[in-house]
>>> print(open('run.txt').read())   # compact mmCIF, N, CA and C atoms
# COMPACT_ATOMS: atom_id res chain seq x y z
N LEU A 35 -11.90 8.95 -4.31
CA LEU A 35 -10.49 9.32 -4.34
C LEU A 35 -9.61 8.25 -3.70
N MET A 36 -10.11 7.58 -2.66
CA MET A 36 -9.33 6.54 -2.01
C MET A 36 -9.06 5.39 -2.98
N THR A 37 -10.07 5.05 -3.75
CA THR A 37 -9.92 3.96 -4.73
C THR A 37 -8.95 4.37 -5.83
N ASP A 38 -9.02 5.62 -6.26
CA ASP A 38 -8.09 6.10 -7.29
C ASP A 38 -6.65 6.04 -6.80
N LEU A 39 -6.43 6.47 -5.57
CA LEU A 39 -5.09 6.42 -4.99
C LEU A 39 -4.60 4.98 -4.91
N ALA A 40 -5.46 4.08 -4.48
CA ALA A 40 -5.08 2.66 -4.40
C ALA A 40 -4.77 2.10 -5.78
N THR A 41 -5.51 2.53 -6.79
CA THR A 41 -5.27 2.07 -8.16
C THR A 41 -3.88 2.47 -8.62
N VAL A 42 -3.49 3.69 -8.33
CA VAL A 42 -2.15 4.16 -8.68
C VAL A 42 -1.10 3.34 -7.92
N GLN A 43 -1.36 3.07 -6.65
CA GLN A 43 -0.41 2.28 -5.86
C GLN A 43 -0.29 0.85 -6.40
N LEU A 44 -1.38 0.27 -6.84
CA LEU A 44 -1.32 -1.07 -7.41
C LEU A 44 -0.49 -1.08 -8.69
N LYS A 45 -0.67 -0.07 -9.53
CA LYS A 45 0.14 0.04 -10.76
C LYS A 45 1.62 0.20 -10.40
N HIS A 46 1.88 1.04 -9.42
CA HIS A 46 3.26 1.25 -8.96
C HIS A 46 3.86 -0.06 -8.45
N TYR A 47 3.10 -0.82 -7.71
CA TYR A 47 3.57 -2.10 -7.18
C TYR A 47 3.91 -3.06 -8.32
N GLN A 48 3.10 -3.06 -9.37
CA GLN A 48 3.35 -3.96 -10.49
C GLN A 48 4.65 -3.61 -11.21
N GLU A 49 5.03 -2.35 -11.18
CA GLU A 49 6.27 -1.92 -11.82
C GLU A 49 7.47 -2.06 -10.88
N ASN A 50 7.24 -1.89 -9.57
CA ASN A 50 8.32 -1.91 -8.59
C ASN A 50 7.78 -2.55 -7.31
N PRO A 51 7.78 -3.88 -7.22
CA PRO A 51 7.17 -4.58 -6.08
C PRO A 51 7.75 -4.13 -4.73
N ASN A 52 6.84 -3.68 -3.88
CA ASN A 52 7.19 -3.26 -2.53
C ASN A 52 5.98 -3.57 -1.65
N PRO A 53 6.14 -4.47 -0.68
CA PRO A 53 4.99 -4.86 0.15
C PRO A 53 4.34 -3.69 0.90
N ASP A 54 5.11 -2.66 1.19
CA ASP A 54 4.54 -1.50 1.89
C ASP A 54 3.53 -0.78 1.01
N VAL A 55 3.78 -0.77 -0.29
CA VAL A 55 2.85 -0.13 -1.22
C VAL A 55 1.52 -0.89 -1.23
N LEU A 56 1.60 -2.23 -1.23
CA LEU A 56 0.37 -3.04 -1.18
C LEU A 56 -0.38 -2.81 0.12
N ALA A 57 0.33 -2.70 1.22
CA ALA A 57 -0.31 -2.47 2.51
C ALA A 57 -1.05 -1.13 2.51
N GLU A 58 -0.43 -0.11 1.94
CA GLU A 58 -1.09 1.20 1.85
C GLU A 58 -2.32 1.13 0.95
N ALA A 59 -2.20 0.46 -0.18
CA ALA A 59 -3.33 0.32 -1.09
C ALA A 59 -4.48 -0.40 -0.39
N ASP A 60 -4.16 -1.42 0.37
CA ASP A 60 -5.18 -2.16 1.11
C ASP A 60 -5.90 -1.24 2.09
N GLN A 61 -5.15 -0.43 2.81
CA GLN A 61 -5.77 0.52 3.75
C GLN A 61 -6.69 1.49 3.04
N HIS A 62 -6.26 2.00 1.91
CA HIS A 62 -7.10 2.95 1.16
C HIS A 62 -8.38 2.28 0.66
N LEU A 63 -8.26 1.04 0.19
CA LEU A 63 -9.45 0.34 -0.31
C LEU A 63 -10.41 -0.01 0.82
N GLN A 64 -9.88 -0.40 1.96
CA GLN A 64 -10.75 -0.70 3.10
C GLN A 64 -11.49 0.57 3.54
N ARG A 65 -10.81 1.69 3.49
CA ARG A 65 -11.45 2.97 3.85
C ARG A 65 -12.51 3.34 2.82
N ALA A 66 -12.22 3.10 1.55
CA ALA A 66 -13.20 3.39 0.50
C ALA A 66 -14.47 2.56 0.70
N ILE A 67 -14.30 1.31 1.09
CA ILE A 67 -15.46 0.44 1.34
C ILE A 67 -16.22 0.92 2.57
N ALA A 68 -15.51 1.36 3.58
CA ALA A 68 -16.18 1.86 4.79
C ALA A 68 -17.02 3.10 4.46
N LEU A 69 -16.52 3.93 3.56
CA LEU A 69 -17.24 5.16 3.18
C LEU A 69 -18.39 4.88 2.22
N ASN A 70 -18.22 3.87 1.36
CA ASN A 70 -19.25 3.55 0.37
C ASN A 70 -19.26 2.04 0.12
N PRO A 71 -19.92 1.28 0.99
CA PRO A 71 -19.93 -0.18 0.85
C PRO A 71 -20.66 -0.68 -0.39
N GLY A 72 -21.39 0.18 -1.06
CA GLY A 72 -22.13 -0.22 -2.25
C GLY A 72 -21.38 -0.06 -3.55
N GLY A 73 -20.11 0.32 -3.47
CA GLY A 73 -19.31 0.50 -4.69
C GLY A 73 -18.57 -0.77 -5.05
N ALA A 74 -18.62 -1.16 -6.30
CA ALA A 74 -17.97 -2.39 -6.74
C ALA A 74 -16.47 -2.23 -6.98
N THR A 75 -16.04 -1.06 -7.38
CA THR A 75 -14.65 -0.87 -7.77
C THR A 75 -13.65 -1.18 -6.65
N PRO A 76 -13.88 -0.74 -5.42
CA PRO A 76 -12.91 -1.09 -4.37
C PRO A 76 -12.79 -2.61 -4.17
N TYR A 77 -13.88 -3.32 -4.31
CA TYR A 77 -13.82 -4.78 -4.18
C TYR A 77 -13.02 -5.40 -5.33
N GLN A 78 -13.21 -4.87 -6.53
CA GLN A 78 -12.45 -5.38 -7.67
C GLN A 78 -10.96 -5.10 -7.46
N LYS A 79 -10.63 -3.93 -6.95
CA LYS A 79 -9.22 -3.59 -6.71
C LYS A 79 -8.65 -4.45 -5.58
N LEU A 80 -9.46 -4.76 -4.57
CA LEU A 80 -8.99 -5.68 -3.52
C LEU A 80 -8.77 -7.08 -4.08
N SER A 81 -9.56 -7.45 -5.05
CA SER A 81 -9.34 -8.72 -5.73
C SER A 81 -7.97 -8.71 -6.40
N LEU A 82 -7.68 -7.65 -7.13
CA LEU A 82 -6.38 -7.54 -7.80
C LEU A 82 -5.25 -7.52 -6.78
N LEU A 83 -5.41 -6.78 -5.70
CA LEU A 83 -4.39 -6.72 -4.66
C LEU A 83 -4.07 -8.12 -4.14
N ASN A 84 -5.09 -8.90 -3.86
CA ASN A 84 -4.86 -10.25 -3.35
C ASN A 84 -4.29 -11.17 -4.43
N TYR A 85 -4.65 -10.95 -5.67
CA TYR A 85 -4.05 -11.67 -6.78
C TYR A 85 -2.54 -11.42 -6.81
N LEU A 86 -2.16 -10.15 -6.65
CA LEU A 86 -0.74 -9.80 -6.65
C LEU A 86 0.00 -10.43 -5.48
N LYS A 87 -0.71 -10.68 -4.39
CA LYS A 87 -0.12 -11.35 -3.23
C LYS A 87 -0.18 -12.87 -3.36
N ALA A 88 -0.71 -13.36 -4.48
CA ALA A 88 -0.88 -14.79 -4.76
C ALA A 88 -1.86 -15.45 -3.78
N ASP A 89 -2.78 -14.66 -3.24
CA ASP A 89 -3.86 -15.20 -2.40
C ASP A 89 -5.11 -15.27 -3.27
N TYR A 90 -5.15 -16.31 -4.10
CA TYR A 90 -6.19 -16.40 -5.12
C TYR A 90 -7.57 -16.67 -4.54
N ALA A 91 -7.66 -17.34 -3.41
CA ALA A 91 -8.96 -17.57 -2.78
C ALA A 91 -9.58 -16.24 -2.36
N LYS A 92 -8.78 -15.37 -1.74
CA LYS A 92 -9.29 -14.04 -1.36
C LYS A 92 -9.59 -13.21 -2.60
N ALA A 93 -8.75 -13.35 -3.62
CA ALA A 93 -8.99 -12.60 -4.86
C ALA A 93 -10.35 -12.97 -5.43
N TRP A 94 -10.68 -14.27 -5.41
CA TRP A 94 -11.99 -14.71 -5.90
C TRP A 94 -13.11 -14.17 -5.01
N ALA A 95 -12.91 -14.18 -3.71
CA ALA A 95 -13.96 -13.70 -2.80
C ALA A 95 -14.29 -12.24 -3.08
N TYR A 96 -13.26 -11.41 -3.25
CA TYR A 96 -13.51 -10.00 -3.55
C TYR A 96 -14.08 -9.81 -4.95
N PHE A 97 -13.64 -10.63 -5.89
CA PHE A 97 -14.18 -10.56 -7.25
C PHE A 97 -15.68 -10.85 -7.22
N HIS A 98 -16.08 -11.86 -6.46
CA HIS A 98 -17.50 -12.20 -6.36
C HIS A 98 -18.31 -11.08 -5.71
N LYS A 99 -17.72 -10.40 -4.71
CA LYS A 99 -18.41 -9.26 -4.09
C LYS A 99 -18.62 -8.16 -5.11
N ALA A 100 -17.58 -7.87 -5.89
CA ALA A 100 -17.70 -6.84 -6.92
C ALA A 100 -18.76 -7.22 -7.94
N ARG A 101 -18.76 -8.49 -8.35
CA ARG A 101 -19.73 -8.97 -9.34
C ARG A 101 -21.16 -8.85 -8.81
N ALA A 102 -21.36 -9.14 -7.53
CA ALA A 102 -22.70 -9.06 -6.94
C ALA A 102 -23.22 -7.62 -6.92
N ILE A 103 -22.31 -6.66 -6.83
CA ILE A 103 -22.72 -5.25 -6.78
C ILE A 103 -22.95 -4.70 -8.18
N ASP A 104 -22.02 -4.98 -9.11
CA ASP A 104 -22.13 -4.40 -10.45
C ASP A 104 -21.40 -5.29 -11.46
N LEU A 105 -22.14 -6.12 -12.12
CA LEU A 105 -21.58 -7.04 -13.11
C LEU A 105 -20.96 -6.30 -14.28
N SER A 106 -21.50 -5.16 -14.64
CA SER A 106 -21.04 -4.45 -15.84
C SER A 106 -19.66 -3.84 -15.69
N GLY A 107 -19.19 -3.64 -14.48
CA GLY A 107 -17.90 -2.98 -14.29
C GLY A 107 -16.72 -3.92 -14.16
N LEU A 108 -16.93 -5.21 -14.37
CA LEU A 108 -15.84 -6.16 -14.17
C LEU A 108 -14.83 -6.12 -15.30
N ASP A 109 -13.59 -6.33 -14.94
CA ASP A 109 -12.48 -6.37 -15.90
C ASP A 109 -12.33 -7.82 -16.37
N LEU A 110 -12.77 -8.10 -17.58
CA LEU A 110 -12.78 -9.47 -18.07
C LEU A 110 -11.38 -9.99 -18.38
N SER A 111 -10.46 -9.12 -18.73
CA SER A 111 -9.08 -9.60 -18.95
C SER A 111 -8.47 -10.03 -17.62
N TYR A 112 -8.76 -9.28 -16.56
CA TYR A 112 -8.29 -9.70 -15.23
C TYR A 112 -8.95 -11.02 -14.84
N LEU A 113 -10.22 -11.18 -15.14
CA LEU A 113 -10.92 -12.43 -14.83
C LEU A 113 -10.19 -13.62 -15.47
N ASN A 114 -9.77 -13.47 -16.70
CA ASN A 114 -9.04 -14.55 -17.38
C ASN A 114 -7.71 -14.84 -16.70
N GLU A 115 -7.03 -13.80 -16.23
CA GLU A 115 -5.77 -14.00 -15.51
C GLU A 115 -6.01 -14.75 -14.20
N LEU A 116 -7.07 -14.39 -13.50
CA LEU A 116 -7.40 -15.05 -12.24
C LEU A 116 -7.79 -16.51 -12.49
N LEU A 117 -8.56 -16.74 -13.53
CA LEU A 117 -8.94 -18.12 -13.88
C LEU A 117 -7.71 -18.99 -14.20
N ALA A 118 -6.70 -18.37 -14.80
CA ALA A 118 -5.48 -19.11 -15.13
C ALA A 118 -4.72 -19.55 -13.88
N LYS A 119 -4.88 -18.79 -12.80
CA LYS A 119 -4.19 -19.11 -11.55
C LYS A 119 -4.98 -20.08 -10.67
N MET A 120 -6.32 -19.93 -10.71
CA MET A 120 -7.16 -20.76 -9.86
C MET A 120 -8.58 -20.77 -10.45
N PRO A 121 -9.17 -21.95 -10.61
CA PRO A 121 -10.55 -21.98 -11.10
C PRO A 121 -11.51 -21.28 -10.13
N ASP A 122 -12.59 -20.78 -10.69
CA ASP A 122 -13.61 -20.13 -9.86
C ASP A 122 -14.16 -21.16 -8.86
N PRO A 123 -14.01 -20.85 -7.57
CA PRO A 123 -14.46 -21.83 -6.55
C PRO A 123 -15.94 -22.07 -6.51
>>> encode(input="run.txt", output="structure tokens")
Amino acid sequence: LMTDLATVQLKHYQENPNPDVLAEADQHLQRAIALNPGGATPYQKLSLLNYLKADYAKAWAYFHKARAIDLSGLDLSYLNELLAKMPDP
């Protein structure tokens, strides 16, 4: 549920940028990871969150964590967007 809430907040941020919304989403995702560190989705969402903050190095770090946990769940269209901003380190 924490990841779902963060996903909604990320969508909301994309439509109406507000740094407080990103901060809340970050808190929810960090809590989701604390509750279930083996889930790939919160890491992928943290990658997107950092992409939205233009912190592409962190976005790649979280993307790699998500990939290491579950390669099948990766969003390939997002991967292409991230590659356009910064090559895979």
>>> axis_aligned_box(input="run.txt", around="region 68-87 of chain A", padding_each_side="4 Å", output="JSON")
{"center_x": -11.1, "center_y": -3.9, "center_z": -1.5, "size_x": 30.1, "size_y": 26.0, "size_z": 20.6}
>>> closest_residue(input="run.txt", among="A:Ala74, A:Ala91, A:Leu56, A:Ala102", to="Met120 (chain A)", atoms="all atoms listed in the file")
A:Ala91
>>> select_by_dssp(input="run.txt", residues="chain A", states="helix (DSSP H, G or I)", output="PyMOL selection string")
chain A and resi 36-49+53-69+74-86+90-103+105-107+110-119
>>> residues_around(input="run.txt", residues="Leu82 (chain A)", least_positions_apart="3", cutoff="8 Å", atoms="only N, CA and C atoms", output="PyMOL selection string")
chain A and resi 44+76-79+85-88+92-94+96-97+112
>>> residues_around(input="run.txt", residues="Leu39 (chain A)", least_positions_apart="6", cutoff="8 Å", atoms="all atoms listed in the file", output="list in words")
Lys45, Glu58, Ala59, His62 and Leu63 of chain A
>>> decode(input="run.txt", residues="region 76-108 of chain A", atoms="N, CA, C and O atoms", output="mmCIF file, in the first residue's frame")
data_model
loop_
_atom_site.group_PDB
_atom_site.id
_atom_site.type_symbol
_atom_site.label_atom_id
_atom_site.label_comp_id
_atom_site.auth_asym_id
_atom_site.auth_seq_id
_atom_site.Cartn_x
_atom_site.Cartn_y
_atom_site.Cartn_z
ATOM 1 N N PRO A 76 9.321 -0.693 -5.136
ATOM 2 C CA PRO A 76 9.693 0.562 -4.461
ATOM 3 C C PRO A 76 11.019 1.134 -4.975
ATOM 4 O O PRO A 76 11.160 2.354 -5.084
ATOM 5 N N TYR A 77 11.954 0.271 -5.309
ATOM 6 C CA TYR A 77 13.227 0.758 -5.859
ATOM 7 C C TYR A 77 13.026 1.390 -7.236
ATOM 8 O O TYR A 77 13.631 2.416 -7.556
ATOM 9 N N GLN A 78 12.167 0.785 -8.045
ATOM 10 C CA GLN A 78 11.893 1.357 -9.360
ATOM 11 C C GLN A 78 11.218 2.722 -9.205
ATOM 12 O O GLN A 78 11.528 3.668 -9.926
ATOM 13 N N LYS A 79 10.303 2.830 -8.250
ATOM 14 C CA LYS A 79 9.622 4.108 -8.025
ATOM 15 C C LYS A 79 10.595 5.152 -7.466
ATOM 16 O O LYS A 79 10.490 6.337 -7.797
ATOM 17 N N LEU A 80 11.536 4.726 -6.629
ATOM 18 C CA LEU A 80 12.565 5.658 -6.156
ATOM 19 C C LEU A 80 13.460 6.112 -7.306
ATOM 20 O O LEU A 80 13.922 7.259 -7.331
ATOM 21 N N SER A 81 13.670 5.239 -8.253
ATOM 22 C CA SER A 81 14.411 5.631 -9.446
ATOM 23 C C SER A 81 13.661 6.736 -10.179
ATOM 24 O O SER A 81 14.248 7.764 -10.536
ATOM 25 N N LEU A 82 12.373 6.549 -10.382
ATOM 26 C CA LEU A 82 11.560 7.566 -11.051
ATOM 27 C C LEU A 82 11.552 8.861 -10.250
ATOM 28 O O LEU A 82 11.675 9.954 -10.811
ATOM 29 N N LEU A 83 11.403 8.767 -8.948
ATOM 30 C CA LEU A 83 11.397 9.951 -8.097
ATOM 31 C C LEU A 83 12.682 10.758 -8.288
ATOM 32 O O LEU A 83 12.643 11.978 -8.448
ATOM 33 N N ASN A 84 13.812 10.089 -8.295
ATOM 34 C CA ASN A 84 15.082 10.795 -8.471
ATOM 35 C C ASN A 84 15.249 11.308 -9.896
ATOM 36 O O ASN A 84 15.863 12.357 -10.116
ATOM 37 N N TYR A 85 14.697 10.614 -10.862
ATOM 38 C CA TYR A 85 14.668 11.101 -12.238
ATOM 39 C C TYR A 85 13.911 12.430 -12.296
ATOM 40 O O TYR A 85 14.357 13.391 -12.936
ATOM 41 N N LEU A 86 12.761 12.481 -11.625
ATOM 42 C CA LEU A 86 11.967 13.709 -11.608
ATOM 43 C C LEU A 86 12.701 14.855 -10.922
ATOM 44 O O LEU A 86 12.468 16.020 -11.242
ATOM 45 N N LYS A 87 13.595 14.521 -10.003
ATOM 46 C CA LYS A 87 14.415 15.534 -9.326
ATOM 47 C C LYS A 87 15.675 15.855 -10.123
ATOM 48 O O LYS A 87 16.491 16.652 -9.689
ATOM 49 N N ALA A 88 15.837 15.231 -11.283
ATOM 50 C CA ALA A 88 17.009 15.388 -12.156
ATOM 51 C C ALA A 88 18.292 14.894 -11.484
ATOM 52 O O ALA A 88 19.384 15.328 -11.823
ATOM 53 N N ASP A 89 18.157 13.947 -10.564
ATOM 54 C CA ASP A 89 19.318 13.291 -9.948
ATOM 55 C C ASP A 89 19.473 11.934 -10.630
ATOM 56 O O ASP A 89 19.078 10.895 -10.105
ATOM 57 N N TYR A 90 20.048 11.977 -11.826
ATOM 58 C CA TYR A 90 20.090 10.795 -12.673
ATOM 59 C C TYR A 90 21.025 9.714 -12.139
ATOM 60 O O TYR A 90 20.755 8.526 -12.336
ATOM 61 N N ALA A 91 22.072 10.092 -11.432
ATOM 62 C CA ALA A 91 22.966 9.089 -10.844
ATOM 63 C C ALA A 91 22.215 8.253 -9.808
ATOM 64 O O ALA A 91 22.325 7.023 -9.786
ATOM 65 N N LYS A 92 21.440 8.910 -8.952
ATOM 66 C CA LYS A 92 20.636 8.171 -7.965
ATOM 67 C C LYS A 92 19.550 7.363 -8.662
ATOM 68 O O LYS A 92 19.228 6.248 -8.246
ATOM 69 N N ALA A 93 18.972 7.937 -9.709
ATOM 70 C CA ALA A 93 17.934 7.215 -10.457
ATOM 71 C C ALA A 93 18.506 5.906 -10.993
ATOM 72 O O ALA A 93 17.868 4.855 -10.895
ATOM 73 N N TRP A 94 19.729 5.961 -11.531
ATOM 74 C CA TRP A 94 20.368 4.740 -12.025
ATOM 75 C C TRP A 94 20.651 3.766 -10.881
ATOM 76 O O TRP A 94 20.458 2.550 -11.032
ATOM 77 N N ALA A 95 21.098 4.264 -9.749
ATOM 78 C CA ALA A 95 21.412 3.380 -8.622
ATOM 79 C C ALA A 95 20.171 2.606 -8.180
ATOM 80 O O ALA A 95 20.223 1.389 -7.974
ATOM 81 N N TYR A 96 19.042 3.300 -8.065
ATOM 82 C CA TYR A 96 17.810 2.618 -7.672
ATOM 83 C C TYR A 96 17.299 1.697 -8.782
ATOM 84 O O TYR A 96 16.759 0.629 -8.503
ATOM 85 N N PHE A 97 17.478 2.104 -10.023
ATOM 86 C CA PHE A 97 17.073 1.247 -11.140
ATOM 87 C C PHE A 97 17.852 -0.066 -11.100
ATOM 88 O O PHE A 97 17.289 -1.148 -11.289
ATOM 89 N N HIS A 98 19.148 0.022 -10.841
ATOM 90 C CA HIS A 98 19.972 -1.191 -10.761
ATOM 91 C C HIS A 98 19.559 -2.084 -9.596
ATOM 92 O O HIS A 98 19.575 -3.315 -9.715
ATOM 93 N N LYS A 99 19.168 -1.477 -8.465
ATOM 94 C CA LYS A 99 18.684 -2.282 -7.333
ATOM 95 C C LYS A 99 17.410 -3.022 -7.727
ATOM 96 O O LYS A 99 17.253 -4.207 -7.414
ATOM 97 N N ALA A 100 16.504 -2.325 -8.396
ATOM 98 C CA ALA A 100 15.260 -2.962 -8.829
ATOM 99 C C ALA A 100 15.558 -4.095 -9.806
ATOM 100 O O ALA A 100 14.986 -5.178 -9.715
ATOM 101 N N ARG A 101 16.474 -3.845 -10.737
ATOM 102 C CA ARG A 101 16.838 -4.861 -11.731
ATOM 103 C C ARG A 101 17.442 -6.092 -11.064
ATOM 104 O O ARG A 101 17.160 -7.226 -11.459
ATOM 105 N N ALA A 102 18.257 -5.894 -10.043
ATOM 106 C CA ALA A 102 18.889 -7.019 -9.350
ATOM 107 C C ALA A 102 17.855 -7.893 -8.628
ATOM 108 O O ALA A 102 18.049 -9.097 -8.493
ATOM 109 N N ILE A 103 16.757 -7.283 -8.215
ATOM 110 C CA ILE A 103 15.720 -8.030 -7.491
ATOM 111 C C ILE A 103 14.778 -8.739 -8.462
ATOM 112 O O ILE A 103 14.442 -9.907 -8.273
ATOM 113 N N ASP A 104 14.331 -8.016 -9.508
ATOM 114 C CA ASP A 104 13.351 -8.600 -10.427
ATOM 115 C C ASP A 104 13.454 -7.926 -11.794
ATOM 116 O O ASP A 104 12.871 -6.859 -12.012
ATOM 117 N N LEU A 105 14.160 -8.554 -12.685
ATOM 118 C CA LEU A 105 14.362 -8.020 -14.024
ATOM 119 C C LEU A 105 13.054 -7.923 -14.802
ATOM 120 O O LEU A 105 12.863 -7.005 -15.606
ATOM 121 N N SER A 106 12.133 -8.821 -14.551
ATOM 122 C CA SER A 106 10.902 -8.878 -15.344
ATOM 123 C C SER A 106 9.954 -7.715 -15.077
ATOM 124 O O SER A 106 9.089 -7.423 -15.895
ATOM 125 N N GLY A 107 10.100 -7.038 -13.962
ATOM 126 C CA GLY A 107 9.165 -5.971 -13.618
ATOM 127 C C GLY A 107 9.597 -4.584 -14.041
ATOM 128 O O GLY A 107 8.927 -3.604 -13.719
ATOM 129 N N LEU A 108 10.684 -4.486 -14.793
ATOM 130 C CA LEU A 108 11.198 -3.165 -15.149
ATOM 131 C C LEU A 108 10.366 -2.500 -16.238
ATOM 132 O O LEU A 108 9.877 -3.159 -17.147
#
